[in-house]
Amino acid sequence: MSIAKGDRIPDATVFIMGEDGPQPVRTSEFLAGRKVALFAIPGAFTPTCQAQHIPSYVNNAEVLKAKGIDEVVCMAVNDPFVLAAQAAATNAEGVLTFLSDGNAEFTKALGLELDGSGIGLGTRSQRFAMIVNDGVVEEIFVEPDPSQMTVSSAESLLQHL
């Protein structure tokens with residue numbers, strides 16, 4: 001069963017690329033006491049993620065913050081080095097925070113994993129977006145087709161703030 005509106009985010013270890021390399025972060029600590037727009041991409045450098053999903057949030061980060069979002073976060077089941085390269089390639093450095101869930105621990109705890117083994121991707125995250133307030137899901141939007149971005153864009157999320 002996947003996470004739903006009103007549920008508390010499960011505690012898991014994810015990684016953020018720091019100055020000295022990957023740094024572990026507990027989701028419970030990272031999300032505590034603030035309002036976060038968290039979106040997930042099935043994979044760094046994949047077509048929809050690269051050309052549409054990440055740019056949607058880069059282009060709207062300041063508008064989201066003006067509407068009460070403290071931090072805009074992109075999460076993926078990729079390693080932190082790949083996500084750092086993805087941030088650089090999409091002009092998202094310093095605009096978005098990238099959380100690496102390389103082991104899919106957090107994604108599985110959310111119940112939002114995607115089997116991409118048919119195209120060589122292994123376990124990935126479904127494409128989704130959520131508003132998390134002090135560790136509790138206020139809104140969540142999961143794409144019916146992970147290759148498309150219809151309900152998980154920044155523009156869609158803005159309609160619910």
# chains A, B, ... in the order shown; residues from 1 in each chain; ligands from 1

call {"tool": "residues_around", "arguments": {"residues": "range 134-139 of chain A", "least_positions_apart": "6", "cutoff": "7 Å", "atoms": "only C-alpha atoms", "output": "list in words"}}
result
Ala4, Lys5, Gly6, Asp7, Arg8, Ile9, Ser28, Leu31, Ala32, Gly33, Arg34 and Lys35 of chain A

call {"tool": "select_by_dssp", "arguments": {"residues": "chain A", "states": "alpha helix (DSSP H)", "output": "PyMOL selection string"}}
result
chain A and resi 27-31+47-48+54-66+80-89+105-110+154-158

call {"tool": "closest_residue", "arguments": {"among": "A:Pro42, A:Gly120, A:Gly102, A:Pro80", "to": "Asp20 in chain A", "atoms": "only C-alpha atoms"}}
result
A:Pro80

call {"tool": "closest_residue", "arguments": {"among": "A:Leu112, A:Val95, A:Ile41, A:Ala51", "to": "Val63 in chain A", "atoms": "only C-alpha atoms"}}
result
A:Val95

call {"tool": "closest_residue", "arguments": {"among": "A:Ala89, A:Ile16, A:Pro47, A:Leu96", "to": "Asn60 in chain A", "atoms": "only C-alpha atoms"}}
result
A:Leu96

call {"tool": "residues_around", "arguments": {"residues": "Thr123 in chain A", "least_positions_apart": "2", "cutoff": "9 Å", "atoms": "only C-alpha atoms", "output": "list in words"}}
result
Val77, Asn103, Ala104, Glu113, Leu114, Asp115, Gly116, Ser117, Leu121 and Ser125 of chain A

call {"tool": "write_last_selection", "arguments": {"atoms": "N, CA and C atoms", "output": "PDB file, in the first residue's frame"}}
result
ATOM      1  N   VAL A  77      15.917   7.236  -7.291  1.00  0.00           N
ATOM      2  CA  VAL A  77      16.664   6.025  -6.971  1.00  0.00           C
ATOM      3  C   VAL A  77      17.875   6.004  -7.911  1.00  0.00           C
ATOM      4  N   ASN A 103      19.420   3.029  -2.729  1.00  0.00           N
ATOM      5  CA  ASN A 103      19.029   1.669  -2.363  1.00  0.00           C
ATOM      6  C   ASN A 103      17.514   1.466  -2.388  1.00  0.00           C
ATOM      7  N   ALA A 104      16.784   2.487  -2.755  1.00  0.00           N
ATOM      8  CA  ALA A 104      15.314   2.471  -2.823  1.00  0.00           C
ATOM      9  C   ALA A 104      14.664   2.210  -1.465  1.00  0.00           C
ATOM     10  N   GLU A 113       7.471   2.247  -5.283  1.00  0.00           N
ATOM     11  CA  GLU A 113       8.495   1.720  -6.169  1.00  0.00           C
ATOM     12  C   GLU A 113       7.905   1.322  -7.522  1.00  0.00           C
ATOM     13  N   LEU A 114       8.766   1.297  -8.502  1.00  0.00           N
ATOM     14  CA  LEU A 114       8.406   0.993  -9.882  1.00  0.00           C
ATOM     15  C   LEU A 114       9.389  -0.051 -10.390  1.00  0.00           C
ATOM     16  N   ASP A 115       8.889  -1.099 -11.012  1.00  0.00           N
ATOM     17  CA  ASP A 115       9.762  -2.127 -11.577  1.00  0.00           C
ATOM     18  C   ASP A 115      10.152  -1.722 -12.989  1.00  0.00           C
ATOM     19  N   GLY A 116      11.356  -1.222 -13.128  1.00  0.00           N
ATOM     20  CA  GLY A 116      11.864  -0.822 -14.437  1.00  0.00           C
ATOM     21  C   GLY A 116      12.809  -1.845 -15.036  1.00  0.00           C
ATOM     22  N   SER A 117      12.787  -3.058 -14.498  1.00  0.00           N
ATOM     23  CA  SER A 117      13.721  -4.087 -14.971  1.00  0.00           C
ATOM     24  C   SER A 117      13.489  -4.470 -16.427  1.00  0.00           C
ATOM     25  N   LEU A 121      16.308  -0.790 -15.923  1.00  0.00           N
ATOM     26  CA  LEU A 121      16.431   0.218 -14.874  1.00  0.00           C
ATOM     27  C   LEU A 121      16.364  -0.349 -13.456  1.00  0.00           C
ATOM     28  N   SER A 125      11.682   4.755  -8.602  1.00  0.00           N
ATOM     29  CA  SER A 125      10.531   5.400  -7.994  1.00  0.00           C
ATOM     30  C   SER A 125       9.506   5.707  -9.067  1.00  0.00           C
TER      31      SER A 125
END

call {"tool": "residues_around", "arguments": {"residues": "range 148-157 of chain A", "least_positions_apart": "3", "cutoff": "10 Å", "atoms": "only C-alpha atoms", "output": "PyMOL selection string"}}
result
chain A and resi 37-41+47-49+52-61+63-64+72+127-131+139-145+160-161

call {"tool": "write_last_selection", "arguments": {"atoms": "C-alpha atoms", "output": "mmCIF file, in the first residue's frame"}}
result
data_model
loop_
_atom_site.group_PDB
_atom_site.id
_atom_site.type_symbol
_atom_site.label_atom_id
_atom_site.label_comp_id
_atom_site.auth_asym_id
_atom_site.auth_seq_id
_atom_site.Cartn_x
_atom_site.Cartn_y
_atom_site.Cartn_z
ATOM 1 C CA ALA A 37 7.649 20.209 -2.045
ATOM 2 C CA LEU A 38 9.043 16.744 -2.741
ATOM 3 C CA PHE A 39 8.932 15.296 -6.230
ATOM 4 C CA ALA A 40 10.388 12.052 -7.499
ATOM 5 C CA ILE A 41 11.724 11.137 -10.886
ATOM 6 C CA PRO A 47 13.839 12.014 -21.223
ATOM 7 C CA THR A 48 10.795 13.285 -19.303
ATOM 8 C CA CYS A 49 12.777 13.865 -16.109
ATOM 9 C CA GLN A 52 10.264 18.475 -18.360
ATOM 10 C CA HIS A 53 10.001 17.418 -14.728
ATOM 11 C CA ILE A 54 13.137 18.963 -13.226
ATOM 12 C CA PRO A 55 12.862 22.167 -15.325
ATOM 13 C CA SER A 56 9.248 22.537 -14.135
ATOM 14 C CA TYR A 57 10.512 22.831 -10.549
ATOM 15 C CA VAL A 58 13.614 24.893 -11.370
ATOM 16 C CA ASN A 59 11.425 27.426 -13.176
ATOM 17 C CA ASN A 60 8.868 27.559 -10.340
ATOM 18 C CA ALA A 61 11.039 27.204 -7.229
ATOM 19 C CA VAL A 63 6.934 30.835 -6.793
ATOM 20 C CA LEU A 64 6.626 27.702 -4.626
ATOM 21 C CA VAL A 72 11.987 22.109 -3.139
ATOM 22 C CA ARG A 127 6.917 9.713 -10.784
ATOM 23 C CA PHE A 128 5.103 11.705 -8.092
ATOM 24 C CA ALA A 129 4.925 14.992 -6.241
ATOM 25 C CA MET A 130 3.823 15.738 -2.709
ATOM 26 C CA ILE A 131 3.562 18.544 -0.242
ATOM 27 C CA GLU A 139 -1.103 16.429 -0.838
ATOM 28 C CA ILE A 140 0.213 13.675 -3.103
ATOM 29 C CA PHE A 141 -0.018 13.196 -6.843
ATOM 30 C CA VAL A 142 1.229 9.979 -8.474
ATOM 31 C CA GLU A 143 1.472 9.788 -12.240
ATOM 32 C CA PRO A 144 -0.668 7.046 -13.812
ATOM 33 C CA ASP A 145 2.024 6.664 -16.517
ATOM 34 C CA HIS A 160 -2.897 23.061 -4.332
ATOM 35 C CA LEU A 161 -1.015 25.635 -2.284
#

call {"tool": "closest_residue", "arguments": {"among": "A:Glu62, A:Asp101, A:Glu19, A:Glu29", "to": "Asp79 in chain A", "atoms": "only C-alpha atoms"}}
result
A:Asp101

call {"tool": "select_by_dssp", "arguments": {"residues": "range 76-115 of chain A", "states": "strand (DSSP E or B)", "output": "PyMOL selection string"}}
result
chain A and resi 76+97-100+113-115
